[in-house]
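Engineer: Data: input.csv, CSV, C-alpha atoms.
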chain,number,residue,atom,x,y,z
A,7,MET,CA,114.5,83.9,77.2
A,8,PRO,CA,111.1,82.4,76.5
A,9,LEU,CA,108.5,82.5,79.2
A,10,VAL,CA,107.1,79.2,80.4
A,11,ALA,CA,103.3,79.0,81.0
A,12,ASN,CA,103.7,77.3,84.3
A,13,SER,CA,100.1,78.2,85.3
A,14,ASP,CA,96.9,79.2,83.7
A,15,LEU,CA,97.4,82.8,84.6
A,16,PRO,CA,95.6,84.9,81.8
A,17,ALA,CA,98.7,87.0,81.3
A,18,PHE,CA,100.4,84.2,79.4
A,19,GLN,CA,97.5,83.9,76.9
A,20,ARG,CA,97.4,87.7,76.5
A,21,LEU,CA,101.1,87.9,75.9
A,22,GLU,CA,101.0,85.0,73.3
A,23,GLN,CA,98.2,86.9,71.5
A,24,ASP,CA,100.5,89.9,71.4
A,25,GLY,CA,103.2,87.8,69.6
A,26,GLU,CA,105.4,86.9,72.6
A,27,THR,CA,107.1,83.5,72.8
A,28,ILE,CA,105.3,81.4,75.4
A,29,ILE,CA,106.3,77.8,75.9
A,30,PRO,CA,103.6,75.4,77.3
A,31,GLY,CA,104.6,74.0,80.7
A,32,GLU,CA,104.2,70.4,79.5
A,33,LEU,CA,106.6,71.1,76.6
A,34,ALA,CA,109.1,72.9,78.8
A,35,VAL,CA,109.7,70.0,81.1
A,36,HIS,CA,110.9,67.8,78.2
A,37,GLN,CA,113.5,70.4,77.0
A,38,ASP,CA,117.0,70.1,78.4
A,39,ILE,CA,117.3,73.9,78.7
A,40,ARG,CA,118.5,75.9,81.8
A,41,GLU,CA,115.7,77.4,83.7
A,42,LEU,CA,115.5,80.6,85.8
A,43,HIS,CA,112.9,81.2,88.4
A,44,ILE,CA,111.9,84.8,88.8
A,45,GLY,CA,109.6,86.1,91.5
A,46,LEU,CA,107.3,89.0,91.0
A,47,LEU,CA,106.1,90.6,94.2
A,48,ASN,CA,103.1,92.5,92.7
A,49,MET,CA,102.0,95.2,95.1
A,50,MET,CA,99.8,97.1,92.6
A,51,PRO,CA,96.1,97.7,93.3
A,52,ASP,CA,93.5,95.4,91.8
A,53,ALA,CA,92.9,97.5,88.6
A,54,ALA,CA,96.6,97.3,87.7
A,55,LEU,CA,97.4,93.7,88.7
A,56,ALA,CA,97.1,92.1,85.3
A,57,ALA,CA,98.7,95.0,83.4
A,58,THR,CA,101.7,94.9,85.8
A,59,GLU,CA,102.1,91.2,85.3
A,60,ARG,CA,102.1,91.6,81.5
A,61,GLN,CA,104.6,94.5,81.6
A,62,PHE,CA,107.2,92.7,83.7
A,63,PHE,CA,106.6,89.3,82.1
A,64,ARG,CA,107.1,90.8,78.7
A,65,LEU,CA,110.2,92.7,79.7
A,66,VAL,CA,111.7,89.5,81.1
A,67,GLY,CA,110.6,87.3,78.2
A,68,GLU,CA,111.9,89.6,75.5
A,69,SER,CA,115.3,90.1,77.0
A,70,ASN,CA,116.8,86.9,75.5
A,71,GLN,CA,115.6,83.8,73.8
A,72,ILE,CA,117.8,81.1,75.3
A,73,ALA,CA,116.9,80.0,78.8
A,74,GLN,CA,113.5,79.2,80.1
A,75,PHE,CA,111.8,81.7,82.5
A,76,TYR,CA,109.4,80.6,85.1
A,77,MET,CA,107.6,83.5,86.6
A,78,HIS,CA,106.2,83.3,90.1
A,79,PRO,CA,103.8,86.1,91.1
A,80,PHE,CA,102.9,86.7,94.7
A,81,THR,CA,101.6,89.6,96.8
A,82,LEU,CA,101.3,90.7,100.4
A,83,ASP,CA,98.2,89.9,102.4
A,84,ALA,CA,98.4,93.3,104.1
A,85,LEU,CA,97.5,95.0,100.8
A,86,PRO,CA,93.8,95.9,100.5
A,87,ARG,CA,92.0,93.9,97.8
A,88,GLY,CA,88.5,93.8,96.5
A,89,GLU,CA,86.6,90.6,95.7
A,90,ALA,CA,87.9,90.4,92.2
A,91,GLY,CA,91.5,91.1,93.2
A,92,ARG,CA,91.4,88.5,96.0
A,93,ALA,CA,90.0,85.9,93.6
A,94,HIS,CA,92.7,86.6,91.1
A,95,VAL,CA,95.4,86.3,93.7
A,96,GLU,CA,94.0,83.1,95.2
A,97,ARG,CA,93.7,81.4,91.8
A,98,TYR,CA,96.9,82.5,90.1
A,99,TYR,CA,99.4,83.6,92.7
A,100,GLU,CA,101.7,81.7,95.0
A,101,THR,CA,102.0,82.5,98.7
A,102,PHE,CA,105.1,83.9,100.2
A,103,GLU,CA,105.5,80.7,102.2
A,104,GLN,CA,105.5,78.7,99.0
A,105,ILE,CA,108.0,81.1,97.5
A,106,LYS,CA,110.3,80.7,100.5
A,107,ALA,CA,110.0,76.9,100.4
A,108,ALA,CA,110.8,76.6,96.7
A,109,GLY,CA,113.2,79.5,96.3
A,110,LEU,CA,114.0,81.9,93.5
A,111,ASP,CA,116.9,82.9,91.3
A,112,ALA,CA,115.9,86.5,91.3
A,113,LEU,CA,113.1,88.8,92.5
A,114,ILE,CA,111.3,91.8,91.0
A,115,ILE,CA,109.3,94.0,93.4
A,116,THR,CA,106.8,96.4,91.9
A,117,GLY,CA,105.5,99.7,93.1
A,118,ALA,CA,102.3,100.2,95.1
A,119,ASN,CA,99.7,102.8,95.8
A,120,VAL,CA,100.4,104.7,99.1
A,121,THR,CA,98.0,106.4,101.5
A,122,GLN,CA,100.3,107.7,104.2
A,123,PRO,CA,102.9,110.6,104.1
A,124,ASP,CA,105.5,108.2,105.7
A,125,LEU,CA,106.0,104.8,104.1
A,126,ALA,CA,106.6,103.3,107.5
A,127,LEU,CA,103.0,103.9,108.3
A,128,GLU,CA,101.7,101.8,105.4
A,129,LEU,CA,100.1,98.5,106.1
A,130,PHE,CA,102.5,96.7,103.8
A,131,TRP,CA,105.6,98.2,105.4
A,132,LYS,CA,106.6,95.3,107.7
A,133,PRO,CA,105.6,92.5,105.4
A,134,LEU,CA,107.6,94.1,102.6
A,135,ILE,CA,110.6,94.4,104.8
A,136,GLU,CA,110.2,90.7,105.6
A,137,VAL,CA,110.3,89.8,101.9
A,138,ILE,CA,113.3,92.1,101.1
A,139,ASP,CA,115.3,90.7,104.1
A,140,TRP,CA,114.5,87.1,103.0
A,141,ALA,CA,115.5,87.9,99.4
A,142,HIS,CA,118.7,89.6,100.5
A,143,ALA,CA,119.8,86.4,102.3
A,144,ASN,CA,118.5,83.8,99.8
A,145,VAL,CA,118.1,85.3,96.3
A,146,ALA,CA,121.0,86.3,93.9
A,147,SER,CA,119.6,89.7,93.1
A,148,THR,CA,116.5,91.8,93.8
A,149,LEU,CA,115.2,94.4,91.4
A,150,CYS,CA,113.2,97.2,93.1
A,151,SER,CA,110.8,99.3,91.1
A,152,CYS,CA,109.9,102.8,92.1
A,153,LEU,CA,108.0,102.6,95.4
A,154,ALA,CA,110.1,99.5,96.4
A,155,THR,CA,113.2,101.5,95.8
A,156,HIS,CA,112.0,104.2,98.1
A,157,ALA,CA,111.1,101.7,100.7
A,158,VAL,CA,114.5,100.0,100.7
A,159,LEU,CA,116.3,103.4,100.8
A,160,GLN,CA,114.3,104.3,103.8
A,161,PHE,CA,114.3,101.2,106.0
A,162,ARG,CA,117.8,99.8,105.0
A,163,TYR,CA,119.7,103.0,104.5
A,164,GLY,CA,117.8,105.7,106.4
A,165,GLN,CA,117.2,107.8,103.4
A,166,PRO,CA,113.5,108.8,103.2
A,167,ARG,CA,112.2,110.1,99.9
A,168,ARG,CA,111.2,113.7,99.5
A,169,ARG,CA,107.9,115.1,98.0
A,170,LEU,CA,108.3,116.8,94.7
A,171,PRO,CA,106.7,120.2,94.0
A,172,ALA,CA,104.7,118.6,91.2
A,173,LYS,CA,104.2,115.1,89.8
A,174,ARG,CA,107.2,113.9,87.8
A,175,TRP,CA,105.3,112.5,84.8
A,176,GLY,CA,106.5,111.8,81.3
A,177,VAL,CA,109.4,110.4,79.3
A,178,TYR,CA,112.9,111.7,80.0
A,179,SER,CA,116.3,111.4,78.5
A,180,HIS,CA,118.9,109.7,80.6
A,181,LYS,CA,122.7,109.3,80.5
A,182,VAL,CA,124.8,106.3,81.6
A,183,MET,CA,127.1,107.5,84.3
A,184,GLU,CA,129.3,104.3,84.8
A,185,ARG,CA,129.7,102.7,81.4
A,186,GLU,CA,131.9,99.9,82.7
A,187,HIS,CA,129.2,98.4,84.9
A,188,PRO,CA,127.9,95.0,83.6
A,189,LEU,CA,124.2,96.1,83.9
A,190,VAL,CA,124.7,98.9,81.3
A,191,CYS,CA,127.2,97.1,79.1
A,192,GLY,CA,126.2,97.5,75.4
A,193,VAL,CA,123.3,99.9,76.3
A,194,ASN,CA,123.0,103.2,74.5
A,195,THR,CA,124.9,105.9,76.5
A,196,ARG,CA,121.7,108.0,76.3
A,197,PHE,CA,118.2,106.6,76.4
A,198,ASP,CA,114.7,107.4,77.5
A,199,VAL,CA,112.8,106.2,80.5
A,200,PRO,CA,109.2,106.9,81.6
A,201,HIS,CA,108.6,108.3,85.1
A,202,SER,CA,105.4,108.7,87.1
A,203,ARG,CA,105.8,109.7,90.7
A,204,PHE,CA,105.2,112.4,93.3
A,205,ASN,CA,108.3,111.6,95.3
A,206,GLN,CA,112.0,111.2,94.7
A,207,ILE,CA,115.3,109.9,96.1
A,208,ASP,CA,118.1,112.3,95.1
A,209,ARG,CA,121.5,111.4,93.9
A,210,SER,CA,123.0,112.8,97.1
A,211,GLN,CA,121.0,110.3,99.1
A,212,PHE,CA,122.1,107.3,97.0
A,213,GLU,CA,125.7,108.4,97.4
A,214,ALA,CA,125.2,109.0,101.2
A,215,ALA,CA,124.0,105.4,101.4
A,216,GLY,CA,127.1,104.1,99.6
A,217,LEU,CA,125.1,103.1,96.5
A,218,HIS,CA,126.3,103.4,92.9
A,219,VAL,CA,124.3,105.6,90.5
A,220,LEU,CA,124.5,104.0,87.0
A,221,VAL,CA,121.9,106.0,85.0
A,222,GLU,CA,120.6,109.5,85.6
A,223,SER,CA,118.5,112.2,84.0
A,224,ALA,CA,119.2,115.9,84.3
A,225,THR,CA,115.5,116.5,84.7
A,226,ALA,CA,114.0,113.3,86.3
A,227,GLY,CA,117.0,112.4,88.5
A,228,VAL,CA,118.4,109.0,89.2
A,229,HIS,CA,116.8,106.1,87.4
A,230,LEU,CA,119.2,103.1,87.9
A,231,ALA,CA,121.4,102.4,90.9
A,232,VAL,CA,122.9,99.4,92.6
A,233,SER,CA,123.8,98.3,96.1
A,234,GLU,CA,127.3,98.6,97.6
A,235,ASP,CA,128.3,95.1,96.2
A,236,GLN,CA,126.9,96.4,92.8
A,237,PHE,CA,124.6,93.5,92.3
A,238,ARG,CA,122.5,92.2,95.2
A,239,LEU,CA,120.0,95.1,95.0
A,240,VAL,CA,119.1,96.9,91.8
A,241,PHE,CA,117.1,100.1,92.0
A,242,PHE,CA,114.8,101.6,89.4
A,243,GLN,CA,113.2,104.9,90.0
A,244,GLY,CA,111.6,105.1,86.6
A,245,HIS,CA,109.3,102.7,84.8
A,246,PRO,CA,111.1,101.0,81.9
A,247,GLU,CA,108.5,98.2,82.0
A,248,TYR,CA,105.7,100.6,80.9
A,249,ASP,CA,103.9,99.8,77.7
A,250,MET,CA,103.7,102.5,75.0
A,251,ILE,CA,100.1,103.4,76.1
A,252,SER,CA,100.7,103.2,79.9
A,253,LEU,CA,101.1,107.0,80.3
A,254,LEU,CA,98.1,107.5,78.0
A,255,LYS,CA,96.1,105.3,80.3
A,256,GLU,CA,97.2,107.4,83.3
A,257,TYR,CA,96.3,110.6,81.5
A,258,LYS,CA,92.8,109.1,80.8
A,259,ARG,CA,92.4,108.3,84.5
A,260,GLU,CA,93.3,111.8,85.4
A,261,VAL,CA,90.8,113.3,82.9
A,262,ASN,CA,88.1,111.0,84.3
A,263,ALA,CA,89.0,112.2,87.8
A,264,PHE,CA,88.5,115.8,86.7
A,265,VAL,CA,85.1,114.9,85.1
A,266,ARG,CA,84.1,113.3,88.4
A,267,GLY,CA,85.2,116.3,90.4
A,268,GLN,CA,88.0,114.4,92.1
A,269,ARG,CA,90.7,116.9,90.9
A,270,PRO,CA,90.2,120.6,90.6
A,271,ASP,CA,92.2,121.2,87.4
A,272,TYR,CA,92.3,119.6,84.0
A,273,PRO,CA,95.4,117.4,83.9
A,274,PRO,CA,98.5,118.5,82.0
A,275,PHE,CA,100.1,116.3,79.4
A,276,PRO,CA,102.8,113.9,80.4
A,277,GLU,CA,106.1,115.6,79.5
A,278,ASN,CA,108.0,114.6,76.3
A,279,TYR,CA,105.5,111.8,75.5
A,280,LEU,CA,102.7,113.0,73.2
A,281,PRO,CA,103.5,114.1,69.6
A,282,LEU,CA,102.1,117.4,68.5
A,283,GLN,CA,99.3,115.7,66.6
A,284,CYS,CA,98.2,113.9,69.7
A,285,GLN,CA,98.3,117.1,71.7
A,286,ALA,CA,96.1,118.8,69.2
A,287,ILE,CA,93.6,115.9,69.3
A,288,LEU,CA,93.5,115.9,73.1
A,289,ASN,CA,93.2,119.7,73.3
A,290,GLU,CA,90.1,119.4,71.1
A,291,HIS,CA,88.8,116.7,73.3
A,292,ARG,CA,89.4,118.9,76.4
A,293,GLU,CA,87.2,121.6,74.8
A,294,ARG,CA,84.4,119.2,74.2
A,295,VAL,CA,84.7,117.9,77.8
A,296,GLU,CA,84.6,121.3,79.3
A,297,ALA,CA,81.7,122.3,77.1
A,298,ALA,CA,79.7,119.2,78.0
A,299,LEU,CA,80.3,119.8,81.7
A,300,ALA,CA,79.2,123.4,81.4
A,301,ALA,CA,76.0,122.3,79.6
A,302,GLY,CA,75.3,119.4,81.9
A,303,ALA,CA,75.5,117.1,78.9
A,304,ALA,CA,77.1,113.7,78.6
A,305,VAL,CA,80.9,113.9,78.5
A,306,PRO,CA,82.6,112.4,75.4
A,307,GLU,CA,85.0,109.5,75.6
A,308,LEU,CA,88.7,110.2,75.3
A,309,PRO,CA,89.8,109.1,71.7
A,310,GLU,CA,92.3,106.6,73.2
A,311,ALA,CA,92.4,104.3,70.2
A,312,LEU,CA,93.2,107.1,67.7
A,313,VAL,CA,95.9,108.7,69.9
A,314,SER,CA,97.6,105.3,70.6
A,315,THR,CA,98.3,104.8,66.9
A,316,LEU,CA,100.3,108.0,66.9
A,317,LEU,CA,102.6,107.3,69.9
A,318,ASP,CA,106.2,106.2,69.9
A,319,ASN,CA,108.0,103.9,72.3
A,320,THR,CA,111.5,105.3,72.8
A,321,TRP,CA,112.6,103.3,75.8
A,322,HIS,CA,111.7,99.6,75.4
A,323,ASP,CA,114.9,98.4,73.6
A,324,SER,CA,117.1,99.9,76.3
A,325,ALA,CA,115.0,98.4,79.0
A,326,GLU,CA,115.3,95.0,77.4
A,327,ALA,CA,119.1,95.5,77.2
A,328,VAL,CA,119.4,96.3,80.9
A,329,LEU,CA,117.2,93.4,81.9
A,330,ASN,CA,119.1,91.1,79.7
A,331,ASN,CA,122.4,92.1,81.4
A,332,TRP,CA,120.8,91.7,84.8
A,333,LEU,CA,119.4,88.2,84.1
A,334,GLY,CA,122.6,87.2,82.4
A,335,LYS,CA,124.5,87.9,85.6
A,336,VAL,CA,121.8,86.1,87.6
A,337,TYR,CA,122.3,83.1,85.2
A,338,GLN,CA,126.0,83.1,85.9
A,339,VAL,CA,125.9,83.1,89.7
A,340,THR,CA,123.1,80.6,90.2
A,341,ASN,CA,123.4,76.9,89.9
A,342,SER,CA,121.6,74.8,87.3
A,343,ASP,CA,120.7,72.4,90.1
A,344,VAL,CA,118.4,74.4,92.3
A,345,ALA,CA,119.0,72.2,95.3
A,346,LEU,CA,122.6,73.2,95.4
A,347,THR,CA,124.2,76.3,96.9
A,348,ALA,CA,124.8,79.0,94.4
A,349,HIS,CA,128.5,79.8,93.7
A,350,ALA,CA,129.7,82.7,91.6
A,351,ASP,CA,132.0,82.2,88.7
A,352,PRO,CA,135.3,83.9,89.7
A,353,ARG,CA,135.3,85.5,86.2
A,354,MET,CA,132.4,87.6,87.3
A,355,ALA,CA,135.0,89.8,89.1
A,356,ASN,CA,136.2,91.0,85.8
A,357,GLY,CA,132.7,92.3,85.1
A,358,GLY,CA,132.7,94.5,88.2
A,359,VAL,CA,130.0,92.7,90.0
A,360,GLY,CA,130.7,92.0,93.7
A,361,VAL,CA,131.2,88.2,93.7
A,362,ALA,CA,131.3,88.0,97.4
A,363,ALA,CA,127.8,89.3,97.5
A,364,VAL,CA,126.4,86.1,95.9
A,365,ARG,CA,129.0,83.4,96.5
A,366,ASP,CA,127.6,82.3,99.9
A,367,ILE,CA,123.9,82.7,99.2
A,368,GLY,CA,122.2,79.5,100.5
A,369,ASN,CA,120.0,78.5,97.6
A,370,LYS,CA,117.4,76.6,99.5
A,371,ARG,CA,115.1,75.7,96.6
A,372,ILE,CA,113.9,72.2,95.9
A,373,HIS,CA,114.5,71.0,92.3
A,374,ARG,CA,111.5,72.6,90.4
A,375,LYS,CA,112.0,70.3,87.5
A,376,GLY,CA,111.9,67.1,89.5
A,377,ALA,CA,109.1,65.8,87.3
A,378,LYS,CA,111.3,66.3,84.2
A,379,ASP,CA,114.2,64.4,85.8
A,380,ALA,CA,112.0,61.6,86.8
A,381,LYS,CA,111.1,61.0,83.1
Could you render the structure as structure tokens?

Structural biologist:
Amino acid sequence: MPLVANSDLPAFQRLEQDGETIIPGELAVHQDIRELHIGLLNMMPDAALAATERQFFRLVGESNQIAQFYMHPFTLDALPRGEAGRAHVERYYETFEQIKAAGLDALIITGANVTQPDLALELFWKPLIEVIDWAHANVASTLCSCLATHAVLQFRYGQPRRRLPAKRWGVYSHKVMEREHPLVCGVNTRFDVPHSRFNQIDRSQFEAAGLHVLVESATAGVHLAVSEDQFRLVFFQGHPEYDMISLLKEYKREVNAFVRGQRPDYPPFPENYLPLQCQAILNEHRERVEAALAAGAAVPELPEALVSTLLDNTWHDSAEAVLNNWLGKVYQVTNSDVALTAHADPRMANGGVGVAAVRDIGNKRIHRKGAKDAK
């Protein structure tokens, strides 16, 4: 499903340079093609705003090449932003009030940096609950990523996450547990997913909440689960949206933190991610870093460009397949006229998705392509 450049957000130009299919907004309005409007609640800190946009935009845009995708990024005012971050949001993002007025077909909620041991103490806690409650009543399906999954499990189901003994960091093999579910239809029964987190919701907690676990790793735990109706809420605990170099970027940040004295130990490698050749290169770099620090000399730069050429991406195809299935179901249960109430196709019941969960959603959007119809 091609992405429509419905604003001058730099992510569109960057994705087009990377070979993605981007349709100019002025061309899209003249094409008689079904559109889907996907919200992206981007809660990431300033340094990760643009990268997170590209990761999720790419994952949505590459999932299929038929319908038009309009992406609508927004954030929460309660999240701390620097001058550059505020300027980016003010120029390119919509407000939550605008989102509510126009409506969405589906919503993706990203993770966020946390500062408190209890999520309920975070400044974004109440505003996030407001968004999720609105989406639950007005949007066909909401996909929660990592921190958003933990927040929903805590406030809606009373299942707080637990702290892990060490950071879960790397690429892990997963198994499909319910092969009949439409979200994993046609997906490899085993596939990789990156994880990067200090906390976890266990399978027993998902089950206690009445949720359905679809994909799980023996090492990293539950990755994909769905709400009781099997569609309204979709939960990711891993990061299938990650680029091939995302974990390398995280590793570089941890090395730099060590150099600055912000962590006491040199960071370990992300698990199951770096080929042996990369590990050898980075071990040599570690020796040079430690020698430079001991001598009070300038610390060499991490050979990021060289290492990135040796990496493999073993998760993106499966991530695309899951997103394609999710958006396909969203397509089926939302109306082509956004001013009308969404009604589910009764045939959806054969796919195992809870039709009642979406049949009566009041789709309160205005017709976003009004300009097109007027022409």

Engineer: Enter the distance from CA of Leu65 in chain A to CA of Glu100 in chain A, in Å, rounded to one decimal.

Structural biologist: 20.7 Å

Engineer: Nearest to Phe130 in chain A among A:Lys255, A:Phe237, A:Leu288, A:Gly117, with distances taken over all atoms listed in the file: which residue is it?

Structural biologist: A:Gly117

Engineer: If we count only C-alpha atoms, what is near Arg167 in chain A at a cut-off of 8 Å, once residues fewer than 2 positions away on the same chain are taken out, given as a list in words?

Structural biologist: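 The contact residues come out as His156, Leu159, Gln160, Gln165, Arg169, Asn205, Gln206, Ile207 and Asp208 of chain A.
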
Engineer: Measuring atom to atom with only C-alpha atoms, identify which of A:Arg20, A:His142, A:Lys132, A:His187 is nearest to Arg60 in chain A.

Structural biologist: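 Closest candidate: A:Arg20.
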
Engineer: What is the CA of His245 in chain A-CA of Val228 in chain A distance in Å, reported with one decimal?

Structural biologist: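 CA of Val228 in chain A lies at a distance of 11.9 Å from CA of His245 in chain A.
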
Engineer: Where does range 243-263 of chain A meet range 230-234 of chain A within 12 Å, residue by residue, with the nearest atom pair and distance in Å to one decimal for each, counting all atoms listed in the file, listed by chain and rising number, as CSV?

Structural biologist:
residue,atom,partner,partner_atom,distance
A:Gln243,CA,A:Leu230,CA,6.6
A:Gly244,CA,A:Leu230,CA,8.0
A:His245,CA,A:Leu230,CA,10.4
A:Pro246,CA,A:Leu230,CA,10.3

Engineer: Keeping C-alpha atoms, export the residues of the selection given above as a PDB file, in the coordinates of the input.

Structural biologist:
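out.pdb, freshly written:
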ATOM      1  CA  GLN A 243     113.200 104.900  90.000  1.00  0.00           C
ATOM      2  CA  GLY A 244     111.600 105.100  86.600  1.00  0.00           C
ATOM      3  CA  HIS A 245     109.300 102.700  84.800  1.00  0.00           C
ATOM      4  CA  PRO A 246     111.100 101.000  81.900  1.00  0.00           C
TER       5      PRO A 246
END

Engineer: When you draw a straight line from CA of Ser314 in chain A to CA of Gln61 in chain A, how long is it in Å?

Structural biologist: 16.9 Å

Engineer: Give the answer as one residue: which of A:Gly192, A:Gln211, A:Glu68, A:Tyr76 has the shortest atom-to-atom distance to Glu41 in chain A, using only C-alpha atoms?

Structural biologist: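 Checking each of A:Gly192, A:Gln211, A:Glu68, A:Tyr76 against Glu41 in chain A, counting only C-alpha atoms, the winner is A:Tyr76.
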
Engineer: Which of these, A:Ser69, A:Arg92, A:Ala84, A:Met49, has the shortest distance to Cys152 in chain A once you count all atoms listed in the file?

Structural biologist: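 Going through A:Ser69, A:Arg92, A:Ala84, A:Met49 one by one, the smallest distance to Cys152 in chain A is for A:Met49.
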
Engineer: Write out as a list in words which residues come within 9 Å of range 326-332 of chain A when counting only C-alpha atoms, dropping same-chain ones fewer than 3 positions away.

Structural biologist: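 Listing them by chain and then by number gives Met7, Leu65, Val66, Glu68, Ser69, Asn70, Ser147, Pro188, Leu189, Val190, Cys191, Gly192, Val193, Phe237, Val240, Pro246, Glu247, Trp321, His322, Asp323, Lys335, Val336 and Tyr337 of chain A.
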
Engineer: Could the residues in this selection be saved with C-alpha atoms as a compact mmCIF listing (two decimals), keeping the file's coordinate frame?

Structural biologist:
# COMPACT_ATOMS: atom_id res chain seq x y z
CA MET A 7 114.50 83.90 77.20
CA LEU A 65 110.20 92.70 79.70
CA VAL A 66 111.70 89.50 81.10
CA GLU A 68 111.90 89.60 75.50
CA SER A 69 115.30 90.10 77.00
CA ASN A 70 116.80 86.90 75.50
CA SER A 147 119.60 89.70 93.10
CA PRO A 188 127.90 95.00 83.60
CA LEU A 189 124.20 96.10 83.90
CA VAL A 190 124.70 98.90 81.30
CA CYS A 191 127.20 97.10 79.10
CA GLY A 192 126.20 97.50 75.40
CA VAL A 193 123.30 99.90 76.30
CA PHE A 237 124.60 93.50 92.30
CA VAL A 240 119.10 96.90 91.80
CA PRO A 246 111.10 101.00 81.90
CA GLU A 247 108.50 98.20 82.00
CA TRP A 321 112.60 103.30 75.80
CA HIS A 322 111.70 99.60 75.40
CA ASP A 323 114.90 98.40 73.60
CA LYS A 335 124.50 87.90 85.60
CA VAL A 336 121.80 86.10 87.60
CA TYR A 337 122.30 83.10 85.20

Engineer: Counting all atoms listed in the file, figure out which residue out of A:Ser223, A:Gln74, A:Asn144, A:Ser151 gets nearest to Ile114 in chain A.

Structural biologist: A:Ser151

Engineer: List the neighbours of His180 in chain A out to 6 Å using all atoms listed in the file; skip same-chain residues closer than 5 positions along the sequence, and give me the result as a count of residues only.

Structural biologist: 5

Engineer: Here is a test: counting all atoms listed in the file, which residue of A:Ile105, A:Leu253, A:Val177, A:Ala303 is nearest to Val145 in chain A?

Structural biologist: A:Ile105

Engineer: Would you mind listing what lies within 12 Å of Phe161 in chain A as a list in words, with only C-alpha atoms counted and same-chain residues fewer than 3 positions away left out?

Structural biologist: Asp124, Leu125, Ala126, Leu127, Trp131, Lys132, Leu134, Ile135, Glu136, Ile138, Asp139, Ala154, Thr155, His156, Ala157, Val158, Gly164, Gln165, Pro166, Arg167 and Ala215 of chain A

Engineer: I'd like the neighbourhood of range 290-295 of chain A as JSON, numbers by chain, where a residue qualifies if any of its atoms comes within 10 Å (using all atoms listed in the file), though same-chain residues fewer than 2 positions away should be ignored.

Structural biologist: {"A": [261, 264, 265, 272, 273, 284, 285, 286, 287, 288, 297, 298, 299, 300, 301, 303, 304, 305, 306, 307, 308, 309]}

Engineer: Take the selection from the previous step and output its residues with C-alpha atoms, as a PDB file, in the coordinates of the input.

Structural biologist:
ATOM      1  CA  VAL A 261      90.800 113.300  82.900  1.00  0.00           C
ATOM      2  CA  PHE A 264      88.500 115.800  86.700  1.00  0.00           C
ATOM      3  CA  VAL A 265      85.100 114.900  85.100  1.00  0.00           C
ATOM      4  CA  TYR A 272      92.300 119.600  84.000  1.00  0.00           C
ATOM      5  CA  PRO A 273      95.400 117.400  83.900  1.00  0.00           C
ATOM      6  CA  CYS A 284      98.200 113.900  69.700  1.00  0.00           C
ATOM      7  CA  GLN A 285      98.300 117.100  71.700  1.00  0.00           C
ATOM      8  CA  ALA A 286      96.100 118.800  69.200  1.00  0.00           C
ATOM      9  CA  ILE A 287      93.600 115.900  69.300  1.00  0.00           C
ATOM     10  CA  LEU A 288      93.500 115.900  73.100  1.00  0.00           C
ATOM     11  CA  ALA A 297      81.700 122.300  77.100  1.00  0.00           C
ATOM     12  CA  ALA A 298      79.700 119.200  78.000  1.00  0.00           C
ATOM     13  CA  LEU A 299      80.300 119.800  81.700  1.00  0.00           C
ATOM     14  CA  ALA A 300      79.200 123.400  81.400  1.00  0.00           C
ATOM     15  CA  ALA A 301      76.000 122.300  79.600  1.00  0.00           C
ATOM     16  CA  ALA A 303      75.500 117.100  78.900  1.00  0.00           C
ATOM     17  CA  ALA A 304      77.100 113.700  78.600  1.00  0.00           C
ATOM     18  CA  VAL A 305      80.900 113.900  78.500  1.00  0.00           C
ATOM     19  CA  PRO A 306      82.600 112.400  75.400  1.00  0.00           C
ATOM     20  CA  GLU A 307      85.000 109.500  75.600  1.00  0.00           C
ATOM     21  CA  LEU A 308      88.700 110.200  75.300  1.00  0.00           C
ATOM     22  CA  PRO A 309      89.800 109.100  71.700  1.00  0.00           C
TER      23      PRO A 309
END
